[in-house]
Each structure stands twice: as C-alpha cells, then as structure tokens.
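Asks: You'll find structure_30.pdb just under this line, and it carries PDB, C-alpha atoms and all ligand atoms.
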```pdb
ATOM      1  CA  MET A   1     -13.669   5.892  14.170  1.00  0.00           C
ATOM      2  CA  GLY A   2     -14.969   6.670  10.679  1.00  0.00           C
ATOM      3  CA  PHE A   3     -13.064   5.933   7.477  1.00  0.00           C
ATOM      4  CA  LEU A   4     -11.447   9.349   7.291  1.00  0.00           C
ATOM      5  CA  GLU A   5     -10.242   9.340  10.888  1.00  0.00           C
ATOM      6  CA  LYS A   6      -8.273   6.181  10.055  1.00  0.00           C
ATOM      7  CA  VAL A   7      -6.771   7.326   6.745  1.00  0.00           C
ATOM      8  CA  SER A   8      -4.261  10.099   5.994  1.00  0.00           C
ATOM      9  CA  ILE A   9      -1.871  11.197   3.264  1.00  0.00           C
ATOM     10  CA  ASP A  10       1.843  11.854   3.707  1.00  0.00           C
ATOM     11  CA  ARG A  11       3.841  13.825   1.125  1.00  0.00           C
ATOM     12  CA  GLY A  12       7.358  12.391   1.400  1.00  0.00           C
ATOM     13  CA  ASP A  13       9.590   9.343   1.643  1.00  0.00           C
ATOM     14  CA  ILE A  14       7.891   6.186   2.985  1.00  0.00           C
ATOM     15  CA  THR A  15      11.216   4.883   4.384  1.00  0.00           C
ATOM     16  CA  ARG A  16      11.147   7.627   6.993  1.00  0.00           C
ATOM     17  CA  LEU A  17       7.694   6.843   8.430  1.00  0.00           C
ATOM     18  CA  PRO A  18       7.776   5.486  12.017  1.00  0.00           C
ATOM     19  CA  VAL A  19       4.761   3.172  11.496  1.00  0.00           C
ATOM     20  CA  ASP A  20       4.368  -0.529  12.407  1.00  0.00           C
ATOM     21  CA  ALA A  21       4.642  -1.514   8.711  1.00  0.00           C
ATOM     22  CA  ILE A  22       5.452   0.072   5.393  1.00  0.00           C
ATOM     23  CA  VAL A  23       4.325  -1.629   2.190  1.00  0.00           C
ATOM     24  CA  ASN A  24       6.844  -2.247  -0.568  1.00  0.00           C
ATOM     25  CA  ALA A  25       5.802  -2.118  -4.233  1.00  0.00           C
ATOM     26  CA  ALA A  26       7.998  -5.075  -5.086  1.00  0.00           C
ATOM     27  CA  ASN A  27       8.422  -7.343  -8.096  1.00  0.00           C
ATOM     28  CA  ARG A  28       7.701 -11.084  -8.180  1.00  0.00           C
ATOM     29  CA  THR A  29      11.276 -12.054  -7.269  1.00  0.00           C
ATOM     30  CA  LEU A  30      11.191  -9.986  -4.035  1.00  0.00           C
ATOM     31  CA  LEU A  31      14.921  -9.459  -4.618  1.00  0.00           C
ATOM     32  CA  GLY A  32      14.811  -5.665  -4.817  1.00  0.00           C
ATOM     33  CA  GLY A  33      14.696  -3.238  -7.721  1.00  0.00           C
ATOM     34  CA  GLY A  34      14.368   0.482  -8.331  1.00  0.00           C
ATOM     35  CA  GLY A  35      11.744   2.973  -7.184  1.00  0.00           C
ATOM     36  CA  VAL A  36      10.310   2.527  -3.715  1.00  0.00           C
ATOM     37  CA  ASP A  37      11.613  -1.074  -3.676  1.00  0.00           C
ATOM     38  CA  GLY A  38      15.163   0.212  -4.126  1.00  0.00           C
ATOM     39  CA  ALA A  39      14.704   2.913  -1.486  1.00  0.00           C
ATOM     40  CA  ILE A  40      13.335   0.453   1.084  1.00  0.00           C
ATOM     41  CA  HIS A  41      16.168  -2.021   0.544  1.00  0.00           C
ATOM     42  CA  ARG A  42      18.767   0.758   0.689  1.00  0.00           C
ATOM     43  CA  VAL A  43      17.553   2.011   4.065  1.00  0.00           C
ATOM     44  CA  ALA A  44      16.686  -1.396   5.576  1.00  0.00           C
ATOM     45  CA  GLY A  45      20.073  -2.857   4.682  1.00  0.00           C
ATOM     46  CA  ARG A  46      21.326  -6.253   3.532  1.00  0.00           C
ATOM     47  CA  GLU A  47      19.455  -8.270   6.131  1.00  0.00           C
ATOM     48  CA  LEU A  48      16.188  -7.372   4.380  1.00  0.00           C
ATOM     49  CA  LEU A  49      17.412  -8.963   1.147  1.00  0.00           C
ATOM     50  CA  GLU A  50      18.613 -12.021   3.090  1.00  0.00           C
ATOM     51  CA  GLU A  51      15.151 -12.506   4.593  1.00  0.00           C
ATOM     52  CA  CYS A  52      13.464 -11.855   1.225  1.00  0.00           C
ATOM     53  CA  LYS A  53      15.533 -14.669  -0.295  1.00  0.00           C
ATOM     54  CA  THR A  54      13.834 -17.108   2.111  1.00  0.00           C
ATOM     55  CA  LEU A  55      10.374 -16.139   0.821  1.00  0.00           C
ATOM     56  CA  HIS A  56      10.823 -17.575  -2.720  1.00  0.00           C
ATOM     57  CA  GLY A  57       9.040 -14.726  -4.505  1.00  0.00           C
ATOM     58  CA  CYS A  58       5.474 -13.424  -4.443  1.00  0.00           C
ATOM     59  CA  ASP A  59       2.636 -13.590  -6.966  1.00  0.00           C
ATOM     60  CA  THR A  60       0.959 -10.454  -8.313  1.00  0.00           C
ATOM     61  CA  GLY A  61      -1.717  -9.274  -5.887  1.00  0.00           C
ATOM     62  CA  GLU A  62      -0.279 -11.324  -3.023  1.00  0.00           C
ATOM     63  CA  ALA A  63       1.590  -9.991   0.065  1.00  0.00           C
ATOM     64  CA  LYS A  64       4.417 -11.335   2.238  1.00  0.00           C
ATOM     65  CA  ILE A  65       5.950  -9.877   5.418  1.00  0.00           C
ATOM     66  CA  THR A  66       9.516  -9.398   6.689  1.00  0.00           C
ATOM     67  CA  GLY A  67      11.239  -7.445   9.450  1.00  0.00           C
ATOM     68  CA  GLY A  68      12.044  -3.768   8.929  1.00  0.00           C
ATOM     69  CA  TYR A  69      15.698  -3.968  10.053  1.00  0.00           C
ATOM     70  CA  ARG A  70      17.268  -0.473   9.797  1.00  0.00           C
ATOM     71  CA  LEU A  71      13.974   1.168   8.819  1.00  0.00           C
ATOM     72  CA  PRO A  72      11.995   3.042  11.499  1.00  0.00           C
ATOM     73  CA  ALA A  73       9.094   0.694  10.603  1.00  0.00           C
ATOM     74  CA  LYS A  74       8.999  -2.640  12.453  1.00  0.00           C
ATOM     75  CA  TYR A  75       7.853  -4.616   9.401  1.00  0.00           C
ATOM     76  CA  VAL A  76       7.871  -4.447   5.605  1.00  0.00           C
ATOM     77  CA  ILE A  77       4.891  -5.943   3.799  1.00  0.00           C
ATOM     78  CA  HIS A  78       5.957  -6.768   0.248  1.00  0.00           C
ATOM     79  CA  THR A  79       3.254  -6.829  -2.399  1.00  0.00           C
ATOM     80  CA  VAL A  80       3.466  -7.081  -6.175  1.00  0.00           C
ATOM     81  CA  GLY A  81       1.280  -4.780  -8.230  1.00  0.00           C
ATOM     82  CA  PRO A  82       0.137  -5.504 -11.781  1.00  0.00           C
ATOM     83  CA  VAL A  83       2.188  -4.242 -14.702  1.00  0.00           C
ATOM     84  CA  TYR A  84      -0.460  -2.009 -16.293  1.00  0.00           C
ATOM     85  CA  ALA A  85      -1.801  -3.359 -19.617  1.00  0.00           C
ATOM     86  CA  GLY A  86      -5.401  -2.037 -19.560  1.00  0.00           C
ATOM     87  CA  ARG A  87      -6.781  -5.534 -18.823  1.00  0.00           C
ATOM     88  CA  PRO A  88      -9.759  -6.083 -16.486  1.00  0.00           C
ATOM     89  CA  GLU A  89      -7.577  -8.178 -14.159  1.00  0.00           C
ATOM     90  CA  ASP A  90      -5.253  -5.190 -13.582  1.00  0.00           C
ATOM     91  CA  GLU A  91      -7.880  -3.553 -11.372  1.00  0.00           C
ATOM     92  CA  ARG A  92      -8.573  -6.803  -9.466  1.00  0.00           C
ATOM     93  CA  ASP A  93      -4.844  -7.471  -8.911  1.00  0.00           C
ATOM     94  CA  LEU A  94      -4.168  -3.935  -7.657  1.00  0.00           C
ATOM     95  CA  TYR A  95      -7.201  -4.101  -5.345  1.00  0.00           C
ATOM     96  CA  HIS A  96      -5.858  -7.385  -3.925  1.00  0.00           C
ATOM     97  CA  CYS A  97      -2.467  -5.766  -3.167  1.00  0.00           C
ATOM     98  CA  TYR A  98      -4.135  -3.385  -0.716  1.00  0.00           C
ATOM     99  CA  TRP A  99      -6.651  -5.928   0.620  1.00  0.00           C
ATOM    100  CA  ASN A 100      -4.082  -8.704   1.186  1.00  0.00           C
ATOM    101  CA  SER A 101      -1.537  -6.312   2.740  1.00  0.00           C
ATOM    102  CA  LEU A 102      -4.148  -5.132   5.267  1.00  0.00           C
ATOM    103  CA  SER A 103      -5.221  -8.715   6.050  1.00  0.00           C
ATOM    104  CA  LEU A 104      -1.582  -9.698   6.604  1.00  0.00           C
ATOM    105  CA  ALA A 105      -1.117  -6.623   8.821  1.00  0.00           C
ATOM    106  CA  ARG A 106      -4.076  -7.730  10.956  1.00  0.00           C
ATOM    107  CA  GLU A 107      -2.609 -11.238  11.294  1.00  0.00           C
ATOM    108  CA  HIS A 108       0.533  -9.622  12.765  1.00  0.00           C
ATOM    109  CA  ALA A 109      -1.295  -7.225  15.109  1.00  0.00           C
ATOM    110  CA  ILE A 110      -0.054  -4.259  13.065  1.00  0.00           C
ATOM    111  CA  HIS A 111      -1.984  -1.068  13.888  1.00  0.00           C
ATOM    112  CA  SER A 112      -0.355   1.504  11.599  1.00  0.00           C
ATOM    113  CA  ILE A 113       0.571   0.949   7.959  1.00  0.00           C
ATOM    114  CA  ALA A 114       1.819   3.110   5.081  1.00  0.00           C
ATOM    115  CA  PHE A 115       1.277   2.334   1.383  1.00  0.00           C
ATOM    116  CA  PRO A 116       3.155   3.770  -1.593  1.00  0.00           C
ATOM    117  CA  ALA A 117       1.187   4.384  -4.802  1.00  0.00           C
ATOM    118  CA  ILE A 118       1.570   0.790  -5.961  1.00  0.00           C
ATOM    119  CA  SER A 119       2.075   0.162  -9.711  1.00  0.00           C
ATOM    120  CA  THR A 120       1.988   3.878 -10.655  1.00  0.00           C
ATOM    121  CA  GLY A 121       5.729   4.131 -11.318  1.00  0.00           C
ATOM    122  CA  VAL A 122       7.694   1.568 -13.338  1.00  0.00           C
ATOM    123  CA  TYR A 123       4.523  -0.560 -13.692  1.00  0.00           C
ATOM    124  CA  GLY A 124       2.756   2.273 -15.505  1.00  0.00           C
ATOM    125  CA  TYR A 125      -0.672   2.269 -13.863  1.00  0.00           C
ATOM    126  CA  PRO A 126      -2.472   5.591 -14.553  1.00  0.00           C
ATOM    127  CA  VAL A 127      -2.326   7.441 -11.222  1.00  0.00           C
ATOM    128  CA  LEU A 128      -5.993   8.503 -10.978  1.00  0.00           C
ATOM    129  CA  GLU A 129      -7.393   5.026 -11.654  1.00  0.00           C
ATOM    130  CA  ALA A 130      -4.811   3.402  -9.339  1.00  0.00           C
ATOM    131  CA  THR A 131      -5.674   5.872  -6.559  1.00  0.00           C
ATOM    132  CA  GLN A 132      -9.403   5.190  -6.917  1.00  0.00           C
ATOM    133  CA  ILE A 133      -8.720   1.445  -6.643  1.00  0.00           C
ATOM    134  CA  ALA A 134      -6.385   1.932  -3.642  1.00  0.00           C
ATOM    135  CA  VAL A 135      -8.890   4.093  -1.730  1.00  0.00           C
ATOM    136  CA  LYS A 136     -11.787   1.731  -2.590  1.00  0.00           C
ATOM    137  CA  ALA A 137      -9.860  -1.348  -1.444  1.00  0.00           C
ATOM    138  CA  VAL A 138      -8.799   0.295   1.843  1.00  0.00           C
ATOM    139  CA  SER A 139     -12.266   1.691   2.493  1.00  0.00           C
ATOM    140  CA  ASP A 140     -13.889  -1.712   1.774  1.00  0.00           C
ATOM    141  CA  TRP A 141     -11.402  -3.514   4.028  1.00  0.00           C
ATOM    142  CA  LEU A 142     -11.895  -1.031   6.908  1.00  0.00           C
ATOM    143  CA  GLU A 143     -15.681  -1.390   6.513  1.00  0.00           C
ATOM    144  CA  GLN A 144     -15.357  -5.186   6.763  1.00  0.00           C
ATOM    145  CA  ASN A 145     -12.921  -4.990   9.720  1.00  0.00           C
ATOM    146  CA  LYS A 146     -14.606  -2.216  11.727  1.00  0.00           C
ATOM    147  CA  GLU A 147     -13.637  -3.718  15.065  1.00  0.00           C
ATOM    148  CA  TYR A 148      -9.894  -3.754  14.216  1.00  0.00           C
ATOM    149  CA  SER A 149      -8.015  -0.546  15.031  1.00  0.00           C
ATOM    150  CA  ILE A 150      -5.544   0.439  12.321  1.00  0.00           C
ATOM    151  CA  THR A 151      -4.431   3.737  10.786  1.00  0.00           C
ATOM    152  CA  VAL A 152      -3.543   3.853   7.100  1.00  0.00           C
ATOM    153  CA  ILE A 153      -1.174   6.383   5.526  1.00  0.00           C
ATOM    154  CA  PHE A 154      -0.962   6.880   1.766  1.00  0.00           C
ATOM    155  CA  SER A 155       2.652   7.876   1.128  1.00  0.00           C
ATOM    156  CA  CYS A 156       2.934  10.198  -1.900  1.00  0.00           C
ATOM    157  CA  PHE A 157       6.389  10.804  -3.286  1.00  0.00           C
ATOM    158  CA  ASP A 158       5.438  13.613  -5.675  1.00  0.00           C
ATOM    159  CA  ASP A 159       2.968  16.519  -5.831  1.00  0.00           C
ATOM    160  CA  LYS A 160       0.835  15.019  -8.629  1.00  0.00           C
ATOM    161  CA  THR A 161       0.182  11.821  -6.661  1.00  0.00           C
ATOM    162  CA  TYR A 162      -0.426  13.846  -3.482  1.00  0.00           C
ATOM    163  CA  ARG A 163      -3.039  16.072  -5.191  1.00  0.00           C
ATOM    164  CA  ILE A 164      -4.808  13.059  -6.702  1.00  0.00           C
ATOM    165  CA  TYR A 165      -5.009  11.315  -3.330  1.00  0.00           C
ATOM    166  CA  GLN A 166      -6.438  14.498  -1.783  1.00  0.00           C
ATOM    167  CA  GLU A 167      -9.076  14.677  -4.516  1.00  0.00           C
ATOM    168  CA  VAL A 168     -10.063  10.994  -4.327  1.00  0.00           C
ATOM    169  CA  LEU A 169     -10.271  11.027  -0.512  1.00  0.00           C
ATOM    170  CA  ARG A 170     -12.496  14.132  -0.688  1.00  0.00           C
ATOM    171  CA  GLU A 171     -14.799  12.332  -3.170  1.00  0.00           C
ATOM    172  CA  THR A 172     -14.862   9.261  -0.914  1.00  0.00           C
ATOM    173  CA  GLU A 173     -15.720  11.399   2.121  1.00  0.00           C
ATOM    174  CA  THR A 174     -18.655  12.932   0.247  1.00  0.00           C
ATOM    175  CA  LYS A 175     -19.849   9.488  -0.918  1.00  0.00           C
ATOM    176  CA  LEU A 176     -19.597   7.985   2.595  1.00  0.00           C
ATOM    177  CA  GLY A 177     -21.255  11.062   4.069  1.00  0.00           C
ATOM    178  CA  LYS A 178     -24.245  10.630   1.730  1.00  0.00           C
ATOM    179  CA  GLN A 179     -24.544   6.899   2.552  1.00  0.00           C
ATOM    180  CA  LYS A 180     -24.780   7.703   6.274  1.00  0.00           C
ATOM    181  CA  LYS A 181     -27.808   9.993   5.815  1.00  0.00           C
TER     182      LYS A 181
HETATM  183  N1  LIG A 201       8.643   6.749  -0.800  1.00  0.00           N
HETATM  184  C1  LIG A 201       7.365   6.740  -1.228  1.00  0.00           C
HETATM  185  N2  LIG A 201       7.019   6.510  -2.505  1.00  0.00           N
HETATM  186  C2  LIG A 201       8.033   6.305  -3.387  1.00  0.00           C
HETATM  187  C3  LIG A 201       9.398   6.313  -3.013  1.00  0.00           C
HETATM  188  C4  LIG A 201       9.685   6.544  -1.651  1.00  0.00           C
HETATM  189  N3  LIG A 201      10.942   6.567  -1.187  1.00  0.00           N
HETATM  190  N4  LIG A 201      10.151   6.073  -4.139  1.00  0.00           N
HETATM  191  C5  LIG A 201       9.285   5.958  -5.165  1.00  0.00           C
HETATM  192  N5  LIG A 201       8.013   6.095  -4.717  1.00  0.00           N
HETATM  193  C6  LIG A 201       6.760   6.087  -5.476  1.00  0.00           C
HETATM  194  C7  LIG A 201       6.844   6.367  -6.943  1.00  0.00           C
HETATM  195  O1  LIG A 201       7.013   7.757  -7.172  1.00  0.00           O
HETATM  196  C8  LIG A 201       5.483   5.864  -7.377  1.00  0.00           C
HETATM  197  O2  LIG A 201       4.510   6.850  -7.100  1.00  0.00           O
HETATM  198  O3  LIG A 201       6.214   4.775  -5.404  1.00  0.00           O
HETATM  199  C9  LIG A 201       5.246   4.660  -6.443  1.00  0.00           C
HETATM  200  C10 LIG A 201       5.421   3.304  -7.108  1.00  0.00           C
HETATM  201  O4  LIG A 201       6.478   3.386  -8.067  1.00  0.00           O
HETATM  202  P1  LIG A 201       7.571   2.218  -8.223  1.00  0.00           P
HETATM  203  O5  LIG A 201       8.463   2.235  -7.066  1.00  0.00           O
HETATM  204  O6  LIG A 201       8.161   2.353  -9.594  1.00  0.00           O
HETATM  205  O7  LIG A 201       6.724   0.855  -8.133  1.00  0.00           O
HETATM  206  P2  LIG A 201       5.797   0.150  -9.219  1.00  0.00           P
HETATM  207  O8  LIG A 201       5.237   1.112 -10.221  1.00  0.00           O
HETATM  208  O9  LIG A 201       4.836  -0.680  -8.405  1.00  0.00           O
HETATM  209  O10 LIG A 201       6.803  -0.800 -10.013  1.00  0.00           O
HETATM  210  C11 LIG A 201       7.351  -1.899  -9.320  1.00  0.00           C
HETATM  211  O11 LIG A 201       9.568  -1.213  -9.885  1.00  0.00           O
HETATM  212  O12 LIG A 201      11.210  -0.729  -8.397  1.00  0.00           O
HETATM  213  C12 LIG A 201      10.727  -1.716  -9.211  1.00  0.00           C
HETATM  214  O13 LIG A 201      11.324  -3.759  -8.101  1.00  0.00           O
HETATM  215  C13 LIG A 201      10.241  -2.902  -8.414  1.00  0.00           C
HETATM  216  O14 LIG A 201      10.002  -4.227 -10.390  1.00  0.00           O
HETATM  217  C14 LIG A 201       9.282  -3.497  -9.403  1.00  0.00           C
HETATM  218  C15 LIG A 201       8.635  -2.276 -10.036  1.00  0.00           C
END
```
Rewrite the structure of this file - the entire thing - as structure tokens.
Ligand code: APR

Replies:
Amino acid sequence: MGFLEKVSIDRGDITRLPVDAIVNAANRTLLGGGGVDGAIHRVAGRELLEECKTLHGCDTGEAKITGGYRLPAKYVIHTVGPVYAGRPEDERDLYHCYWNSLSLAREHAIHSIAFPAISTGVYGYPVLEATQIAVKAVSDWLEQNKEYSITVIFSCFDDKTYRIYQEVLRETETKLGKQKK
C-alpha cells in the first residue's frame, strides 16, 4: 500500500473514532487539561487519569501508552508537543511526537491510529507548519516501516485545520508521485 492508501483525514471529534489507538496532545504532567486532552479524559473516564498517574509524566516529544477505558479506541497514546516559541527545536520535538507515537503503536501491535493536530491549539504552533511536520514525520515513518501494516487518521476538529491537511496531503501526493517516476 502506498503512503496515501494508509493515511486519511477525519473532520470531527477524535474521541469518537473506533481505532486501535487515539493520540492525546497532553502536557508533561499527563494529568489532563483542556482541549483534546480534556475531551479524551472526559470520555475515557476516571480510570484513565488513575493509569496516567502511574506514568510519572512525559517529556516533550516522547510518547507513553495507556488503556482507552470508556473510549471506543483500545489505547490512548499520550504525547507532549512543544509549546511554540519559533525555536529550531520546536520542529524536531513536534516531529518526534508523531515518530515516537507510531513506534510505540508498532510495539503494541496497533494497526490503526488517529492523531489530533498536536501543538496547534493551546501550544500555539502555526497550523500550516505543524501540518507539514506531521505529514512529513508520518510519511518518513511509513517509508521506514513499509512492512508494517497501519492506517493513520489525521483528526481535524475545525474546518481550517481540515483544509490545511487536505492541501498538505495533496502536495505530498504530488511529491511522492514525482519521486516514483
Ligand atoms: N478531537 C480532535 N481534535 C480536537 C478535539 C477533539 N475532541 N478537541 C480539540 N482538538 C484539536 C484542537 O482544535 C487543535 O486543533 O486538537 C488540536 C490541539 O489543540 P490542544 O488540545 O489545545 O493541544 P495542544 O495545542 O497540543 O496543547 C496542549 O493543552 O489541553 C491542554 O493539557 C493540554 O497542556 C496541554 C495543552
């Protein structure tokens, strides 16, 4: 399967997706918050917070896994995006969120995963740049793990994010198409 057969975009609420794992855009405490973090904890219920307490936090760019509890998803992969400050390491940290979440998914034989637009809300990452980094990281990881079957959904909670993901995936398709020739 090529890159674009494995990747899709969903316009909606990530907590409703019946995938093996949804990714949470958490903070370093892993003890919940607002945005998608708040939504995931609300739907998953208290047991999610109880399990998160046993993880003792998570560094920026790293990923940790818990059960999904009352969510339709079996697992939640918690990752911590960079708080945008226009530094070079912001791009590297955001890239690692996607890369490390996919590697952790593979370790747990997860074959379908949904990502929110990490760091583009409270953490202030400009949506276009963040989307380009997200799509690059996922495309690089899929290229390096060709033999592993996994489908990736980019969950977009608003129209602006949805349109930007459509645009960046179209650009990526063109780029990959040219490389093949
Ligand atoms: N489903 C999908 N996407 C969602 C949902 C949802 N239910 N709720 C919010 N989002 C989107 C936002 O619209 C944004 O596009 O997730 C993206 C990431 O935004 P935030 O949730 O604010 O995450 P982030 O920018 O990474 O900031 C993380 O916010 O909630 C706190 O505890 C969290 O401190 C951490 C910080």

Asks: Please identify all protein, DNA and RNA residues within 6 Å of ligand LIG 201 (chain A), counting only C-alpha atoms and all ligand atoms, and report them as a list of chain:residue names.

Replies: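 Listing the residues within 6 Å of ligand LIG 201 (chain A) gives A:Asp13, A:Ile14, A:Thr15, A:Ala25, A:Ala26, A:Asn27, A:Gly32, A:Gly33, A:Gly34, A:Gly35, A:Val36, A:Asp37, A:Gly38, A:Ala39, A:Gly81, A:Pro116, A:Ala117, A:Ile118, A:Ser119, A:Thr120, A:Gly121, A:Val122, A:Tyr123, A:Gly124, A:Ser155, A:Cys156, A:Phe157.
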
Asks: For the structure shown, which residues end up in the PyMOL selection byres (((chain A and resi 145) around 12) and not hetatm)? Put them as a ChimeraX atom specification, please?

Replies: /A:1-3,99,102-103,105-106,138-144,146-150

Asks: Can you measure atom CA of Thr161 of chain A to atom CA of Leu128 of chain A for me? One decimal in Å is fine.

Replies: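 Interatomic distance, atom CA of Thr161 of chain A to atom CA of Leu128 of chain A: 8.2 Å.
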
Asks: Got a sec: who's within 12 Å of Leu49 of chain A, counting all atoms listed in the file, leaving out chain neighbours fewer than 5 positions off, as a list in words?

Replies: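 These residues fall inside the cut-off: Ala26, Thr29, Leu30, Leu31, Gly32, Gly33, Asp37, Gly38, Ile40, His41, Arg42, Val43, Ala44, Thr54, Leu55, His56, Gly57, Thr66, Gly67, Gly68, Tyr69, Val76 and His78 of chain A.
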
Asks: Can you list, as a ChimeraX atom specification, every protein, DNA or RNA residue that comes within 8 Å of Tyr162 of chain A when you count all atoms listed in the file, leaving out same-chain residues fewer than 4 positions away?

Replies: /A:9-11,156-158,166

Asks: What residues come out when you apply the PyMOL selection byres (((chain A and resi 63) around 6) and not hetatm) to this file, written as a list in words?

Replies: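 With the shown file as input, the PyMOL selection byres (((chain A and resi 63) around 6) and not hetatm) matches Glu62, Lys64, His78, Thr79, Asn100 and Ser101 of chain A.
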
Asks: Just the number, please: distance in Å from atom CA of Ile77 of chain A to atom CA of Val23 of chain A, one decimal.

Replies: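 Result for atom CA of Ile77 of chain A versus atom CA of Val23 of chain A: 4.6 Å, one decimal.
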
Asks: Atom CA of Leu104 of chain A to atom CA of Tyr75 of chain A: how many Å, to one decimal?

Replies: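 Distance reported for this atom pair: 11.1 Å.
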
Asks: Taking all atoms listed in the file into account, which of A:Asp159, A:Glu89, A:Glu47, A:Glu171 comes nearest Val127 of chain A?

Replies: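 Of A:Asp159, A:Glu89, A:Glu47, A:Glu171, the one nearest Val127 of chain A, counting all atoms listed in the file, is A:Asp159.
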
Asks: For the point (-0.3, 5.7, 10.0) in file coordinates, what residues are within 9 Å, counting all atoms listed in the file? Give the answer as a PyMOL selection string?

Replies: chain A and resi 6-9+17-21+111-114+150-154

Asks: Nearest to Pro72 of chain A among A:Arg46, A:Cys97, A:Glu173, A:Arg16, with distances taken over only C-alpha atoms: which residue is it?

Replies: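 Between A:Arg46, A:Cys97, A:Glu173, A:Arg16, the residue approaching Pro72 of chain A most closely is A:Arg16.
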
Asks: Take segment 70-87 of chain A, model N, CA, C and O atoms, and hand the result over as an mmCIF file, keeping the file's coordinate frame.

Replies:
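So part07.cif came out as:
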```cif
data_model
loop_
_atom_site.group_PDB
_atom_site.id
_atom_site.type_symbol
_atom_site.label_atom_id
_atom_site.label_comp_id
_atom_site.auth_asym_id
_atom_site.auth_seq_id
_atom_site.Cartn_x
_atom_site.Cartn_y
_atom_site.Cartn_z
ATOM 1 N N ARG A 70 16.819 -1.832 9.465
ATOM 2 C CA ARG A 70 17.268 -0.473 9.797
ATOM 3 C C ARG A 70 16.230 0.605 9.512
ATOM 4 O O ARG A 70 16.476 1.802 9.738
ATOM 5 N N LEU A 71 15.075 0.195 9.041
ATOM 6 C CA LEU A 71 13.974 1.168 8.819
ATOM 7 C C LEU A 71 13.352 1.544 10.167
ATOM 8 O O LEU A 71 13.371 0.749 11.093
ATOM 9 N N PRO A 72 12.750 2.726 10.270
ATOM 10 C CA PRO A 72 11.995 3.042 11.499
ATOM 11 C C PRO A 72 10.776 2.123 11.653
ATOM 12 O O PRO A 72 10.317 1.865 12.749
ATOM 13 N N ALA A 73 10.252 1.613 10.540
ATOM 14 C CA ALA A 73 9.094 0.694 10.603
ATOM 15 C C ALA A 73 9.543 -0.678 11.097
ATOM 16 O O ALA A 73 10.629 -1.156 10.755
ATOM 17 N N LYS A 74 8.642 -1.322 11.913
ATOM 18 C CA LYS A 74 8.999 -2.640 12.453
ATOM 19 C C LYS A 74 8.985 -3.717 11.377
ATOM 20 O O LYS A 74 9.775 -4.673 11.407
ATOM 21 N N TYR A 75 8.032 -3.588 10.427
ATOM 22 C CA TYR A 75 7.853 -4.616 9.401
ATOM 23 C C TYR A 75 7.844 -3.983 8.015
ATOM 24 O O TYR A 75 7.519 -2.798 7.865
ATOM 25 N N VAL A 76 8.148 -4.807 7.001
ATOM 26 C CA VAL A 76 7.871 -4.447 5.605
ATOM 27 C C VAL A 76 6.908 -5.497 5.058
ATOM 28 O O VAL A 76 7.150 -6.706 5.204
ATOM 29 N N ILE A 77 5.800 -5.018 4.489
ATOM 30 C CA ILE A 77 4.891 -5.943 3.799
ATOM 31 C C ILE A 77 5.143 -5.768 2.311
ATOM 32 O O ILE A 77 4.989 -4.665 1.769
ATOM 33 N N HIS A 78 5.617 -6.821 1.682
ATOM 34 C CA HIS A 78 5.957 -6.768 0.248
ATOM 35 C C HIS A 78 4.752 -7.227 -0.561
ATOM 36 O O HIS A 78 4.199 -8.305 -0.289
ATOM 37 N N THR A 79 4.360 -6.418 -1.534
ATOM 38 C CA THR A 79 3.254 -6.829 -2.399
ATOM 39 C C THR A 79 3.658 -6.511 -3.827
ATOM 40 O O THR A 79 4.533 -5.663 -4.062
ATOM 41 N N VAL A 80 3.065 -7.240 -4.764
ATOM 42 C CA VAL A 80 3.466 -7.081 -6.175
ATOM 43 C C VAL A 80 2.261 -6.579 -6.968
ATOM 44 O O VAL A 80 1.248 -7.294 -7.081
ATOM 45 N N GLY A 81 2.369 -5.357 -7.450
ATOM 46 C CA GLY A 81 1.280 -4.780 -8.230
ATOM 47 C C GLY A 81 1.289 -5.298 -9.658
ATOM 48 O O GLY A 81 2.283 -5.883 -10.103
ATOM 49 N N PRO A 82 0.189 -5.093 -10.379
ATOM 50 C CA PRO A 82 0.137 -5.504 -11.781
ATOM 51 C C PRO A 82 0.954 -4.547 -12.642
ATOM 52 O O PRO A 82 1.041 -3.354 -12.349
ATOM 53 N N VAL A 83 1.566 -5.094 -13.685
ATOM 54 C CA VAL A 83 2.188 -4.242 -14.702
ATOM 55 C C VAL A 83 1.028 -3.781 -15.593
ATOM 56 O O VAL A 83 0.334 -4.626 -16.185
ATOM 57 N N TYR A 84 0.761 -2.488 -15.650
ATOM 58 C CA TYR A 84 -0.460 -2.009 -16.293
ATOM 59 C C TYR A 84 -0.510 -2.378 -17.778
ATOM 60 O O TYR A 84 0.449 -2.137 -18.517
ATOM 61 N N ALA A 85 -1.648 -3.023 -18.181
ATOM 62 C CA ALA A 85 -1.801 -3.359 -19.617
ATOM 63 C C ALA A 85 -3.233 -3.059 -20.051
ATOM 64 O O ALA A 85 -3.671 -3.489 -21.112
ATOM 65 N N GLY A 86 -4.019 -2.370 -19.195
ATOM 66 C CA GLY A 86 -5.401 -2.037 -19.560
ATOM 67 C C GLY A 86 -6.326 -3.241 -19.569
ATOM 68 O O GLY A 86 -7.385 -3.231 -20.171
ATOM 69 N N ARG A 87 -5.924 -4.324 -18.904
ATOM 70 C CA ARG A 87 -6.781 -5.534 -18.823
ATOM 71 C C ARG A 87 -7.696 -5.426 -17.608
ATOM 72 O O ARG A 87 -7.329 -4.800 -16.618
#
```
